[in-house]
>>> print(open('coords.cif').read())   # mmCIF, N, CA and C atoms
data_structure
loop_
_atom_site.label_atom_id
_atom_site.label_comp_id
_atom_site.auth_asym_id
_atom_site.auth_seq_id
_atom_site.Cartn_x
_atom_site.Cartn_y
_atom_site.Cartn_z
N MET H 1 79.93 142.32 111.28
CA MET H 1 78.64 142.58 110.68
C MET H 1 78.88 143.36 109.39
N PRO H 2 78.19 142.96 108.30
CA PRO H 2 78.36 143.67 107.03
C PRO H 2 77.85 145.11 107.12
N SER H 3 78.35 145.94 106.24
CA SER H 3 77.91 147.33 106.14
C SER H 3 77.23 147.55 104.80
N TRP H 4 76.36 148.55 104.76
CA TRP H 4 75.70 148.96 103.52
C TRP H 4 76.80 149.26 102.50
N PRO H 5 76.70 148.75 101.28
CA PRO H 5 77.76 148.96 100.28
C PRO H 5 78.03 150.45 100.01
N ALA H 6 79.30 150.80 99.98
CA ALA H 6 79.70 152.20 99.76
C ALA H 6 79.33 152.69 98.37
N THR H 7 79.14 151.79 97.41
CA THR H 7 78.81 152.19 96.04
C THR H 7 77.32 152.46 95.86
N LEU H 8 76.52 152.25 96.90
CA LEU H 8 75.08 152.54 96.83
C LEU H 8 74.80 153.86 97.55
N PRO H 9 73.68 154.53 97.20
CA PRO H 9 73.35 155.77 97.90
C PRO H 9 73.32 155.54 99.42
N ALA H 10 73.93 156.45 100.15
CA ALA H 10 74.06 156.29 101.61
C ALA H 10 72.72 156.40 102.33
N ALA H 11 71.81 157.16 101.77
CA ALA H 11 70.50 157.36 102.41
C ALA H 11 69.40 157.00 101.43
N PRO H 12 68.26 156.55 101.95
CA PRO H 12 67.14 156.28 101.06
C PRO H 12 66.66 157.57 100.39
N ARG H 13 65.96 157.38 99.28
CA ARG H 13 65.34 158.51 98.60
C ARG H 13 64.44 159.22 99.59
N ASN H 14 63.78 160.26 99.21
CA ASN H 14 62.99 161.04 100.17
C ASN H 14 61.79 160.28 100.73
N SER H 15 61.73 158.96 100.55
CA SER H 15 60.59 158.23 101.08
C SER H 15 61.02 157.14 102.07
N ALA H 16 61.59 157.55 103.18
CA ALA H 16 61.85 156.63 104.29
C ALA H 16 60.75 156.85 105.30
N GLU H 17 60.00 155.80 105.57
CA GLU H 17 58.83 155.91 106.43
C GLU H 17 59.02 155.05 107.67
N LEU H 18 58.89 155.64 108.82
CA LEU H 18 59.07 154.96 110.10
C LEU H 18 57.71 154.59 110.67
N SER H 19 57.59 153.38 111.21
CA SER H 19 56.36 152.95 111.88
C SER H 19 56.70 152.63 113.33
N SER H 20 55.67 152.59 114.17
CA SER H 20 55.92 152.26 115.57
C SER H 20 56.15 150.76 115.73
N PRO H 21 57.04 150.37 116.63
CA PRO H 21 57.29 148.95 116.84
C PRO H 21 56.13 148.28 117.56
N ASP H 22 55.92 147.01 117.28
CA ASP H 22 54.89 146.23 117.96
C ASP H 22 55.57 145.45 119.07
N CYS H 23 55.49 145.96 120.29
CA CYS H 23 56.18 145.30 121.40
C CYS H 23 55.23 144.97 122.55
N LEU H 24 53.93 144.83 122.22
CA LEU H 24 52.94 144.54 123.25
C LEU H 24 52.30 143.18 123.02
N ILE H 25 51.86 142.57 124.11
CA ILE H 25 51.05 141.34 124.05
C ILE H 25 49.69 141.68 124.64
N ARG H 26 48.65 141.33 123.91
CA ARG H 26 47.29 141.55 124.38
C ARG H 26 46.66 140.20 124.69
N THR H 27 46.06 140.09 125.86
CA THR H 27 45.41 138.85 126.27
C THR H 27 43.94 139.13 126.53
N THR H 28 43.09 138.38 125.85
CA THR H 28 41.65 138.54 126.03
C THR H 28 41.25 137.95 127.38
N VAL H 29 40.39 138.66 128.07
CA VAL H 29 39.86 138.19 129.35
C VAL H 29 38.36 138.00 129.21
N ALA H 30 37.74 137.33 130.17
CA ALA H 30 36.31 137.01 130.08
C ALA H 30 35.45 138.26 129.96
N THR H 31 35.75 139.27 130.73
CA THR H 31 35.00 140.52 130.64
C THR H 31 35.97 141.69 130.73
N GLY H 32 35.57 142.79 130.17
CA GLY H 32 36.39 143.98 130.22
C GLY H 32 37.43 144.04 129.11
N PRO H 33 38.23 145.08 129.13
CA PRO H 33 39.24 145.25 128.08
C PRO H 33 40.35 144.21 128.21
N PRO H 34 41.05 143.93 127.11
CA PRO H 34 42.14 142.96 127.18
C PRO H 34 43.26 143.45 128.10
N LYS H 35 43.97 142.48 128.67
CA LYS H 35 45.17 142.82 129.44
C LYS H 35 46.27 143.11 128.43
N VAL H 36 47.10 144.10 128.72
CA VAL H 36 48.19 144.47 127.83
C VAL H 36 49.48 144.54 128.65
N ARG H 37 50.52 143.94 128.09
CA ARG H 37 51.83 144.04 128.75
C ARG H 37 52.91 144.16 127.68
N ARG H 38 54.02 144.68 128.08
CA ARG H 38 55.14 144.83 127.15
C ARG H 38 55.80 143.46 126.95
N ARG H 39 56.01 143.12 125.68
CA ARG H 39 56.65 141.84 125.33
C ARG H 39 58.16 141.95 125.54
N THR H 40 58.73 143.06 125.08
CA THR H 40 60.17 143.25 125.14
C THR H 40 60.49 144.73 125.06
N SER H 41 61.65 145.09 125.53
CA SER H 41 62.08 146.49 125.39
C SER H 41 62.95 146.66 124.15
N ALA H 42 63.20 145.56 123.43
CA ALA H 42 64.09 145.59 122.28
C ALA H 42 63.35 145.23 120.99
N ALA H 43 62.17 145.77 120.81
CA ALA H 43 61.39 145.47 119.60
C ALA H 43 61.99 146.16 118.39
N PRO H 44 62.10 145.45 117.25
CA PRO H 44 62.59 146.11 116.04
C PRO H 44 61.60 147.17 115.55
N THR H 45 62.13 148.24 114.99
CA THR H 45 61.30 149.33 114.48
C THR H 45 61.16 149.18 112.97
N PRO H 46 59.92 149.03 112.48
CA PRO H 46 59.73 148.85 111.03
C PRO H 46 59.90 150.15 110.24
N TRP H 47 60.55 150.02 109.10
CA TRP H 47 60.74 151.12 108.16
C TRP H 47 60.31 150.67 106.77
N SER H 48 59.86 151.61 105.97
CA SER H 48 59.70 151.41 104.53
C SER H 48 60.67 152.38 103.88
N MET H 49 61.56 151.87 103.04
CA MET H 49 62.57 152.72 102.40
C MET H 49 62.58 152.45 100.91
N SER H 50 62.99 153.45 100.16
CA SER H 50 63.18 153.23 98.72
C SER H 50 64.39 154.01 98.24
N TRP H 51 65.01 153.47 97.22
CA TRP H 51 66.19 154.06 96.61
C TRP H 51 66.02 154.03 95.10
N VAL H 52 66.70 154.91 94.39
CA VAL H 52 66.76 154.84 92.94
C VAL H 52 68.19 154.43 92.59
N PHE H 53 68.31 153.30 91.89
CA PHE H 53 69.60 152.73 91.54
C PHE H 53 69.79 152.69 90.04
N THR H 54 71.02 152.80 89.60
CA THR H 54 71.36 152.46 88.23
C THR H 54 71.32 150.94 88.13
N THR H 55 71.43 150.41 86.92
CA THR H 55 71.44 148.95 86.77
C THR H 55 72.62 148.34 87.52
N ALA H 56 73.79 148.96 87.44
CA ALA H 56 74.97 148.45 88.16
C ALA H 56 74.74 148.48 89.68
N GLN H 57 74.16 149.57 90.18
CA GLN H 57 73.88 149.66 91.61
C GLN H 57 72.84 148.62 92.03
N HIS H 58 71.83 148.41 91.18
CA HIS H 58 70.83 147.39 91.50
C HIS H 58 71.47 146.01 91.59
N ASN H 59 72.39 145.72 90.68
CA ASN H 59 73.10 144.43 90.73
C ASN H 59 73.93 144.32 92.01
N THR H 60 74.54 145.42 92.44
CA THR H 60 75.29 145.43 93.71
C THR H 60 74.35 145.16 94.87
N PHE H 61 73.19 145.84 94.87
CA PHE H 61 72.20 145.64 95.94
C PHE H 61 71.72 144.19 95.98
N LYS H 62 71.42 143.64 94.81
CA LYS H 62 70.94 142.26 94.73
C LYS H 62 71.99 141.27 95.26
N THR H 63 73.24 141.48 94.89
CA THR H 63 74.32 140.63 95.39
C THR H 63 74.49 140.80 96.90
N PHE H 64 74.41 142.02 97.38
CA PHE H 64 74.51 142.30 98.82
C PHE H 64 73.42 141.54 99.57
N TRP H 65 72.17 141.64 99.10
CA TRP H 65 71.05 140.98 99.77
C TRP H 65 71.15 139.46 99.67
N THR H 66 71.46 138.96 98.48
CA THR H 66 71.47 137.51 98.26
C THR H 66 72.68 136.83 98.89
N THR H 67 73.87 137.36 98.64
CA THR H 67 75.11 136.69 99.05
C THR H 67 75.59 137.14 100.42
N THR H 68 75.73 138.45 100.61
CA THR H 68 76.28 138.96 101.87
C THR H 68 75.31 138.77 103.03
N LEU H 69 74.02 139.08 102.78
CA LEU H 69 73.02 138.99 103.85
C LEU H 69 72.26 137.67 103.84
N TYR H 70 72.65 136.73 102.99
CA TYR H 70 71.97 135.43 102.90
C TYR H 70 70.46 135.59 102.79
N HIS H 71 70.04 136.32 101.75
CA HIS H 71 68.63 136.58 101.47
C HIS H 71 67.93 137.29 102.63
N GLY H 72 68.64 138.18 103.28
CA GLY H 72 68.05 138.99 104.34
C GLY H 72 68.09 138.37 105.72
N SER H 73 68.74 137.22 105.89
CA SER H 73 68.77 136.60 107.21
C SER H 73 69.77 137.26 108.15
N LEU H 74 70.73 138.01 107.61
CA LEU H 74 71.71 138.71 108.45
C LEU H 74 71.39 140.20 108.51
N SER H 75 71.82 140.82 109.59
CA SER H 75 71.66 142.27 109.72
C SER H 75 72.92 142.95 109.18
N PHE H 76 72.82 144.27 109.03
CA PHE H 76 73.94 145.06 108.51
C PHE H 76 73.88 146.43 109.14
N THR H 77 74.98 147.18 109.06
CA THR H 77 74.99 148.54 109.57
C THR H 77 74.76 149.52 108.43
N MET H 78 74.05 150.58 108.76
CA MET H 78 73.71 151.62 107.79
C MET H 78 73.42 152.90 108.57
N THR H 79 73.53 154.02 107.92
CA THR H 79 73.19 155.29 108.55
C THR H 79 71.68 155.36 108.76
N ASP H 80 71.28 155.63 109.99
CA ASP H 80 69.86 155.76 110.32
C ASP H 80 69.33 157.05 109.70
N PRO H 81 68.31 156.97 108.83
CA PRO H 81 67.79 158.18 108.18
C PRO H 81 67.21 159.20 109.17
N GLU H 82 66.80 158.73 110.35
CA GLU H 82 66.20 159.62 111.33
C GLU H 82 67.24 160.35 112.17
N THR H 83 68.28 159.62 112.61
CA THR H 83 69.25 160.20 113.54
C THR H 83 70.58 160.56 112.90
N GLY H 84 70.91 159.93 111.76
CA GLY H 84 72.20 160.14 111.13
C GLY H 84 73.32 159.30 111.73
N ASN H 85 72.99 158.50 112.76
CA ASN H 85 73.96 157.62 113.40
C ASN H 85 73.99 156.25 112.71
N SER H 86 75.05 155.52 112.88
CA SER H 86 75.14 154.17 112.36
C SER H 86 74.30 153.24 113.23
N SER H 87 73.45 152.43 112.61
CA SER H 87 72.58 151.51 113.34
C SER H 87 72.52 150.18 112.61
N SER H 88 71.99 149.17 113.29
CA SER H 88 71.81 147.84 112.70
C SER H 88 70.42 147.73 112.10
N PHE H 89 70.36 147.19 110.88
CA PHE H 89 69.10 147.01 110.16
C PHE H 89 69.06 145.61 109.57
N ARG H 90 67.85 145.19 109.18
CA ARG H 90 67.66 143.95 108.45
C ARG H 90 66.62 144.21 107.36
N ILE H 91 66.90 143.74 106.15
CA ILE H 91 65.96 143.89 105.03
C ILE H 91 65.03 142.68 105.06
N LEU H 92 63.74 142.93 105.19
CA LEU H 92 62.76 141.85 105.24
C LEU H 92 62.35 141.39 103.85
N SER H 93 62.09 142.33 102.98
CA SER H 93 61.70 142.03 101.60
C SER H 93 61.92 143.27 100.76
N TRP H 94 61.98 143.08 99.45
CA TRP H 94 62.15 144.23 98.56
C TRP H 94 61.51 143.95 97.22
N THR H 95 61.16 145.03 96.53
CA THR H 95 60.62 144.96 95.18
C THR H 95 61.33 146.02 94.35
N LYS H 96 61.31 145.84 93.05
CA LYS H 96 61.89 146.86 92.18
C LYS H 96 60.92 147.17 91.06
N ARG H 97 61.02 148.39 90.56
CA ARG H 97 60.23 148.78 89.40
C ARG H 97 61.10 149.63 88.50
N ASP H 98 60.83 149.54 87.22
CA ASP H 98 61.58 150.30 86.23
C ASP H 98 61.21 151.77 86.37
N ALA H 99 62.19 152.60 86.67
CA ALA H 99 61.96 154.04 86.82
C ALA H 99 62.30 154.79 85.53
N GLY H 100 62.67 154.05 84.47
CA GLY H 100 63.00 154.67 83.18
C GLY H 100 64.43 155.15 83.12
N ASN H 101 64.91 155.36 81.92
CA ASN H 101 66.26 155.87 81.68
C ASN H 101 67.35 155.04 82.34
N GLY H 102 67.16 153.72 82.40
CA GLY H 102 68.18 152.84 82.99
C GLY H 102 68.23 152.88 84.50
N LEU H 103 67.19 153.42 85.14
CA LEU H 103 67.14 153.50 86.60
C LEU H 103 66.08 152.54 87.15
N TRP H 104 66.31 152.09 88.37
CA TRP H 104 65.39 151.18 89.05
C TRP H 104 65.04 151.74 90.41
N GLU H 105 63.74 151.75 90.74
CA GLU H 105 63.32 152.13 92.09
C GLU H 105 63.15 150.86 92.90
N VAL H 106 63.92 150.75 93.96
CA VAL H 106 63.85 149.59 94.85
C VAL H 106 63.20 150.04 96.15
N SER H 107 62.10 149.37 96.51
CA SER H 107 61.40 149.64 97.77
C SER H 107 61.59 148.44 98.68
N ALA H 108 61.85 148.70 99.95
CA ALA H 108 62.15 147.60 100.87
C ALA H 108 61.45 147.79 102.20
N GLY H 109 61.03 146.66 102.77
CA GLY H 109 60.59 146.62 104.15
C GLY H 109 61.83 146.34 104.98
N VAL H 110 62.16 147.24 105.88
CA VAL H 110 63.40 147.16 106.66
C VAL H 110 63.04 147.29 108.12
N GLU H 111 63.78 146.61 108.98
CA GLU H 111 63.57 146.82 110.41
C GLU H 111 64.88 147.25 111.05
N LYS H 112 64.77 148.27 111.90
CA LYS H 112 65.91 148.73 112.69
C LYS H 112 65.95 147.89 113.94
N LEU H 113 67.08 147.29 114.20
CA LEU H 113 67.22 146.43 115.37
C LEU H 113 67.65 147.26 116.57
N ALA H 114 67.08 146.95 117.71
CA ALA H 114 67.39 147.74 118.91
C ALA H 114 68.75 147.41 119.46
#
>>> encode(input="coords.cif", output="structure tokens")
Amino acid sequence: MPSWPATLPAAPRNSAELSSPDCLIRTTVATGPPKVRRRTSAAPTPWSMSWVFTTAQHNTFKTFWTTTLYHGSLSFTMTDPETGNSSSFRILSWTKRDAGNGLWEVSAGVEKLA
């Protein structure tokens, strides 16, 4: 499994946001509240992360996502911002914006795999 490139910042900027995983199935019934059951115990946990990269780092990130991860279809290992342990993640999508002075802010939808 690929690892987060060593030439990129090891942790996201101060804006790593964790959301609760969606691991439930709701079934509508004729009357009363919907039935709810757990779909799986291994639901991915959604994250929103952002980094500030130099142009060279952004090119490294783009190559990592496009070539190494096949446009995000593969997972990779990275330090979990919450626990500090190595975990498996997948990048779902990303955007970049010019942060000025030759820097780029890259924001990504990421999921932590169980």
>>> residues_around(input="coords.cif", residues="Phe89 in chain H", least_positions_apart="3", cutoff="7 Å", atoms="only N, CA and C atoms", output="list in words")
Leu74, Ser75, Phe76, Thr77, Met78, Val110, Glu111, Lys112 and Leu113 of chain H
>>> residues_around(input="coords.cif", residues="range 55-60 of chain H", least_positions_apart="3", cutoff="6.5 Å", atoms="all atoms listed in the file", output="number ranges by chain")
H: 7-8, 63-65, 102-104
>>> write_last_selection(input="coords.cif", atoms="N, CA and C atoms", output="compact mmCIF listing (two decimals), keeping the file's coordinate frame")
# COMPACT_ATOMS: atom_id res chain seq x y z
N THR H 7 79.14 151.79 97.41
CA THR H 7 78.81 152.19 96.04
C THR H 7 77.32 152.46 95.86
N LEU H 8 76.52 152.25 96.90
CA LEU H 8 75.08 152.54 96.83
C LEU H 8 74.80 153.86 97.55
N THR H 63 73.24 141.48 94.89
CA THR H 63 74.32 140.63 95.39
C THR H 63 74.49 140.80 96.90
N PHE H 64 74.41 142.02 97.38
CA PHE H 64 74.51 142.30 98.82
C PHE H 64 73.42 141.54 99.57
N TRP H 65 72.17 141.64 99.10
CA TRP H 65 71.05 140.98 99.77
C TRP H 65 71.15 139.46 99.67
N GLY H 102 67.16 153.72 82.40
CA GLY H 102 68.18 152.84 82.99
C GLY H 102 68.23 152.88 84.50
N LEU H 103 67.19 153.42 85.14
CA LEU H 103 67.14 153.50 86.60
C LEU H 103 66.08 152.54 87.15
N TRP H 104 66.31 152.09 88.37
CA TRP H 104 65.39 151.18 89.05
C TRP H 104 65.04 151.74 90.41
>>> select_by_dssp(input="coords.cif", residues="range 24-103 of chain H", states="strand (DSSP E)", output="ChimeraX atom specification")
/H:24-27,35-38,45-54,76-79,86-100,103
>>> residues_around(input="coords.cif", residues="Ser73 in chain H", least_positions_apart="6", cutoff="8 Å", atoms="all atoms listed in the file", output="PyMOL selection string")
chain H and resi 65+90-92
>>> atom_distance(input="coords.cif", atom1="CA of Thr68 in chain H", atom2="CA of Trp94 in chain H")
15.4 Å
>>> select_by_dssp(input="coords.cif", residues="chain H", states="helix (DSSP H, G or I)", output="PyMOL selection string")
chain H and resi 55-68
>>> decode(input="coords.cif", residues="range 2-88 of chain H", atoms="C-alpha atoms", output="tab-separated table (two decimals), in the first residue's frame")
chain	number	residue	atom	x	y	z
H	2	PRO	CA	1.39	3.44	-0.89
H	3	SER	CA	2.32	5.92	1.84
H	4	TRP	CA	1.76	9.66	2.04
H	5	PRO	CA	4.79	11.25	0.30
H	6	ALA	CA	7.58	12.16	2.73
H	7	THR	CA	8.16	15.47	0.89
H	8	LEU	CA	4.64	16.70	1.79
H	9	PRO	CA	3.58	18.03	5.20
H	10	ALA	CA	2.99	15.04	7.49
H	11	ALA	CA	-0.18	16.49	9.00
H	12	PRO	CA	-2.96	18.62	7.57
H	13	ARG	CA	-3.06	22.30	8.34
H	14	ASN	CA	-5.04	23.24	11.44
H	15	SER	CA	-8.27	22.41	9.60
H	16	ALA	CA	-8.76	18.65	9.77
H	17	GLU	CA	-12.44	18.03	10.40
H	18	LEU	CA	-13.83	14.66	11.42
H	19	SER	CA	-17.44	13.64	10.72
H	20	SER	CA	-19.39	10.66	12.01
H	21	PRO	CA	-19.53	7.63	9.72
H	22	ASP	CA	-22.82	6.68	8.07
H	23	CYS	CA	-23.19	3.01	8.94
H	24	LEU	CA	-26.96	2.71	9.39
H	25	ILE	CA	-29.80	1.58	7.13
H	26	ARG	CA	-33.21	3.12	7.68
H	27	THR	CA	-36.31	1.34	6.40
H	28	THR	CA	-39.65	3.10	6.21
H	29	VAL	CA	-42.56	1.18	7.68
H	30	ALA	CA	-46.31	1.71	7.22
H	31	THR	CA	-46.73	3.38	10.60
H	32	GLY	CA	-44.40	4.56	13.30
H	33	PRO	CA	-40.73	5.48	13.15
H	34	PRO	CA	-38.44	3.87	10.58
H	35	LYS	CA	-36.62	0.68	11.43
H	36	VAL	CA	-32.89	1.27	11.88
H	37	ARG	CA	-30.11	-1.29	11.79
H	38	ARG	CA	-26.37	-1.21	11.48
H	39	ARG	CA	-25.16	-1.76	7.91
H	40	THR	CA	-21.59	-2.61	8.84
H	41	SER	CA	-19.10	-2.28	11.66
H	42	ALA	CA	-16.41	-1.15	9.21
H	43	ALA	CA	-17.85	2.11	7.90
H	44	PRO	CA	-15.29	4.63	6.59
H	45	THR	CA	-14.99	7.81	8.65
H	46	PRO	CA	-15.25	11.01	6.58
H	47	TRP	CA	-12.68	13.77	7.04
H	48	SER	CA	-12.18	17.20	5.51
H	49	MET	CA	-8.49	18.12	5.41
H	50	SER	CA	-6.45	20.93	3.97
H	51	TRP	CA	-2.76	21.57	3.46
H	52	VAL	CA	-0.69	24.51	2.25
H	53	PHE	CA	1.78	23.40	-0.42
H	54	THR	CA	4.49	25.08	-2.42
H	55	THR	CA	4.15	24.67	-6.18
H	56	ALA	CA	6.64	21.77	-6.10
H	57	GLN	CA	4.72	20.09	-3.26
H	58	HIS	CA	1.43	20.59	-5.11
H	59	ASN	CA	2.95	18.89	-8.17
H	60	THR	CA	4.06	16.00	-5.92
H	61	PHE	CA	0.54	15.75	-4.45
H	62	LYS	CA	-1.05	15.82	-7.92
H	63	THR	CA	1.28	13.07	-9.16
H	64	PHE	CA	0.63	11.02	-6.00
H	65	TRP	CA	-3.15	11.28	-6.48
H	66	THR	CA	-3.16	10.79	-10.25
H	67	THR	CA	-0.44	8.17	-10.76
H	68	THR	CA	0.18	6.40	-7.44
H	69	LEU	CA	-3.45	6.35	-6.24
H	70	TYR	CA	-4.99	6.04	-9.74
H	71	HIS	CA	-7.12	9.17	-9.29
H	72	GLY	CA	-8.05	8.22	-5.73
H	73	SER	CA	-9.11	4.63	-6.39
H	74	LEU	CA	-6.39	3.24	-4.10
H	75	SER	CA	-5.93	3.79	-0.39
H	76	PHE	CA	-2.71	4.89	1.29
H	77	THR	CA	-1.23	5.08	4.77
H	78	MET	CA	-0.87	8.37	6.59
H	79	THR	CA	-0.62	9.59	10.17
H	80	ASP	CA	-4.11	9.92	11.64
H	81	PRO	CA	-4.50	13.57	12.76
H	82	GLU	CA	-6.69	12.46	15.68
H	83	THR	CA	-4.64	9.59	17.12
H	84	GLY	CA	-1.14	10.11	15.70
H	85	ASN	CA	-1.09	6.45	14.58
H	86	SER	CA	-0.60	5.25	11.01
H	87	SER	CA	-3.96	4.51	9.35
H	88	SER	CA	-5.40	3.79	5.91
